[in-house]
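Take a look at the structure set out below.
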Amino acid sequence: MATALADEIYARFSQRLLELSLAPNTQLVAALGGGADSQSTLDLLDRFRQYHPEYRYLAIHLDHHFHPDSPQWAAQIKADAERREFPVIVEPLEVPLGKRQSKEAQGRQLRYQRLSELTDNNALILLGQHRNDQIETFLLQLNRGSGPKGLAAMGEVADFTGNRRLWRPLLQVSKADIYSYAEQRQLFWIEDETNLDTRIERNFLRHDVIPTLEQRWPQFGQSVLRSAALCAEQQALLEELLSVELTQLTNSEGALAVDSLKQHSESFQRAILRQWLQQQQVSMPSQAQLEQMRQQMLFTTNDAQPQVGWGPYVLSRTRSRHLVVTTRER
């Protein structure tokens with residue numbers, strides 16, 4: 001029998017999901033990793049399913065083969081979903097080792113790509129990230145020198161590809177409460193021992209840094225969450241204002257006219273470039289690469305035909321002095 005904590009977490013989950021005002025027949029997808037967080041998300045969605053048959057349900061697990069036991073884990077995750085009679089897709093995901101990205105970053109990119117391919121265009125995809133993940137993400141972004149967008153960390157609801165959205169229902173729930181929920185609900189989950197390896201940055205923060213900070217300042221975690229929320233609010237306002245400006249600076253094909261930017265400040269030029277690149281749905285360049293783009297695209301003659309590459313992408317300028325992004329040939 002579920003205790004008060006499990007009931008409280010489910011009540012918040014159900015209320016928030018209904019507040020999203022989803023159309024009947026919308027596909028609700030639980031992205032499974034096998035940990036207590038994503039298995040709790042699956043359980044919450046399964047409970048919701050019993051009362052709301054007007055939606056369609058799916059669970060997806062993609063096995064990167066990063067751990068020698070991952071095929072066994074994938075089979076266990078699939079068996080658990082099938083025991084619930086919850087529709088599930090379990091697939092291996094080949095992750096080629098690239099020179100420009102870590103295997104974790106490459107895996108994350110390919111995982112999101114495959115989630116997009118396996119889901120409806122308007123699906124709501126549920127992720128298991130929680131309060132502790134949010135604090136860790138904020139500190140990782142701070143260490144990288146990120147601005148407001150990076151320090152906003154993870155949004156509870158975020159646009160994805162097409163009309164899909166990502167929803168993180170546990171973002172205000174602590175890891176300890178998730179474990180309590182999973183134990184009270186007698187859930188199946190997997191403990192990956194690599195999560196204890198403090199050579200990994202996120203694990204170092206989780207096990208060594210954040211507990212020390214919260215011991216010295218008990219309110220530290222809540223303060224980080226508040227700062228992230230304020231950064232997200234400021235970033236959303238900036239993007240709203242820049243979107244209005246971008247409509248005046250792009251042509252019918254979405255290419256960005258650079259000459260009109262010269263009359264603006266350097267800060268505005270960089271902000272417009274970031275916003276436009278975001279609209280192109282490409283990964284963000286580094287600060288140094290962005291400045292290189294600004295200098296070369298705005299202040300060179302047509303004879304120069306400048307190009308700036310980052311990751312798999314190339315930014316170039318047409319003879320009409322509009323910017324376009326293409327993908328490198330492999």
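FYI, nothing fancy with the structure tokens labels: chains A, B, ... in order, residues from 1 per chain, ligands from 1 as they appear.
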Go through region 268-317 of chain A and flag each residue having an atom no more than 9 Å from region 241-255 of chain A; for those, report the closest pair of atoms plus their distance in Å to one decimal, using only C-alpha atoms, ordered by chain and rising number, as a Markdown table.
```
| residue | atom | partner | partner_atom | distance |
| --- | --- | --- | --- | --- |
| A:Ala271 | CA | A:Leu242 | CA | 7.8 |
| A:Ile272 | CA | A:Leu242 | CA | 6.6 |
| A:Gln275 | CA | A:Leu242 | CA | 7.0 |
| A:Trp276 | CA | A:Leu246 | CA | 7.3 |
| A:Gln280 | CA | A:Gly254 | CA | 8.5 |
```
message: Using only C-alpha atoms, which protein or nucleic acid residues come within 12 Å of Thr194 (chain A)? Drop anything in the same chain fewer than 5 positions from it, and give the result as a VMD selection string.
response: chain A and resid 66 to 69 199 to 204
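For Arg206 (chain A), the residues within 8 Å (counting only C-alpha atoms, excluding itself and residues fewer than 5 positions away along the chain) are Asn132, Glu136 and Pro211 of chain A.
Closest approach to Arg56 (chain A) among A:Thr318, A:Gln113, A:Asn122, A:Gln269 is made by A:Asn122 (distances from only C-alpha atoms).
The spacing separating CA of Thr327 (chain A) from CA of Gln279 (chain A) amounts to 15.3 Å.
The residue that comes closest to Ile135 (chain A), out of A:Leu225, A:Leu151, A:Ile89, A:Ala105 and on the basis of only C-alpha atoms, is A:Leu225.
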Do you know which residues are at most 9 Å from Val258 (chain A) counting only C-alpha atoms, after dropping those on the same chain fewer than 5 positions away, and could you put them as a short mmCIF file (atom, residue, chain, number, x, y, z; two decimals) with N, CA, C and O atoms, in the first residue's frame?
```cif
data_model
loop_
_atom_site.label_atom_id
_atom_site.label_comp_id
_atom_site.auth_asym_id
_atom_site.auth_seq_id
_atom_site.Cartn_x
_atom_site.Cartn_y
_atom_site.Cartn_z
N LEU A 249 14.90 40.60 -39.70
CA LEU A 249 16.26 40.39 -40.18
C LEU A 249 16.44 39.12 -41.01
O LEU A 249 17.54 38.87 -41.52
N MET A 297 31.55 37.27 -40.50
CA MET A 297 30.31 37.37 -41.27
C MET A 297 29.85 38.82 -41.45
O MET A 297 29.25 39.17 -42.46
N LEU A 298 30.14 39.67 -40.48
CA LEU A 298 29.66 41.04 -40.55
C LEU A 298 30.66 41.98 -41.22
O LEU A 298 30.25 42.96 -41.86
N ARG A 317 28.26 32.61 -45.63
CA ARG A 317 27.53 33.80 -46.05
C ARG A 317 27.35 33.78 -47.56
O ARG A 317 28.30 33.53 -48.31
N ARG A 321 24.75 38.41 -48.87
CA ARG A 321 25.14 38.70 -47.48
C ARG A 321 24.05 38.25 -46.49
O ARG A 321 23.67 38.97 -45.59
N HIS A 322 23.59 37.02 -46.70
CA HIS A 322 22.72 36.32 -45.76
C HIS A 322 23.47 35.12 -45.21
O HIS A 322 24.27 34.50 -45.92
N LEU A 323 23.19 34.76 -43.97
CA LEU A 323 23.85 33.63 -43.34
C LEU A 323 23.01 32.37 -43.48
O LEU A 323 21.78 32.40 -43.31
#
```
query: Looking at A:Asp259, A:Arg47, A:Gly309, A:Ala304, which one is nearest to Gln292 (chain A), with distances taken over only C-alpha atoms?
result: A:Gly309
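CA of Ala30 (chain A) is found 6.3 Å from CA of Ile60 (chain A).
Non-sequential neighbours of Asp159 (chain A) (distance at most 12 Å, separation of 3 or more positions within a chain, only C-alpha atoms) are Ser116, Asn121, Asn122, Ala123, Leu124, Ile125, Met154, Gly155, Glu156, Gly162, Asn163, Arg164, Arg165, Leu166, Trp167, Arg168, Gln278, Gln279 and Gln281 of chain A.
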task: Just the alpha helix (DSSP H) stuff from region 96-303 of chain A, please, per backbone DSSP, written as a ChimeraX atom specification.
output: /A:103-118,131-143,148-151,175-184,201-204,210-216,220-249,266-279,287-299
field: Nearest to Ala176 (chain A) by atom-to-atom distance, counting only C-alpha atoms, from A:Leu45, A:Arg131, A:Leu196, A:Ser70
entry: A:Arg131
Contact residues around Leu22 (chain A) with only C-alpha atoms at 9 Å, ignoring same-chain residues under 4 positions, as an mmCIF file with N, CA, C and O atoms, in the first residue's frame:
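Listed below is the output, selection-v2.cif:
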```cif
data_model
loop_
_atom_site.group_PDB
_atom_site.id
_atom_site.type_symbol
_atom_site.label_atom_id
_atom_site.label_comp_id
_atom_site.auth_asym_id
_atom_site.auth_seq_id
_atom_site.Cartn_x
_atom_site.Cartn_y
_atom_site.Cartn_z
ATOM 1 N N LEU A 17 0.213 17.248 -14.970
ATOM 2 C CA LEU A 17 0.001 16.692 -16.306
ATOM 3 C C LEU A 17 -1.335 17.165 -16.869
ATOM 4 O O LEU A 17 -1.436 17.522 -18.051
ATOM 5 N N LEU A 18 -2.356 17.216 -16.037
ATOM 6 C CA LEU A 18 -3.655 17.702 -16.497
ATOM 7 C C LEU A 18 -3.602 19.188 -16.828
ATOM 8 O O LEU A 18 -4.301 19.653 -17.733
ATOM 9 N N THR A 26 -3.254 12.216 -27.458
ATOM 10 C CA THR A 26 -1.841 12.602 -27.418
ATOM 11 C C THR A 26 -1.012 11.426 -26.900
ATOM 12 O O THR A 26 -1.421 10.708 -25.989
ATOM 13 N N TYR A 55 -5.594 9.026 -23.565
ATOM 14 C CA TYR A 55 -4.277 9.253 -24.154
ATOM 15 C C TYR A 55 -3.671 7.918 -24.597
ATOM 16 O O TYR A 55 -4.137 6.842 -24.205
ATOM 17 N N LEU A 124 4.338 14.022 -25.913
ATOM 18 C CA LEU A 124 4.933 14.559 -24.683
ATOM 19 C C LEU A 124 5.845 13.469 -24.139
ATOM 20 O O LEU A 124 5.394 12.370 -23.808
#
```
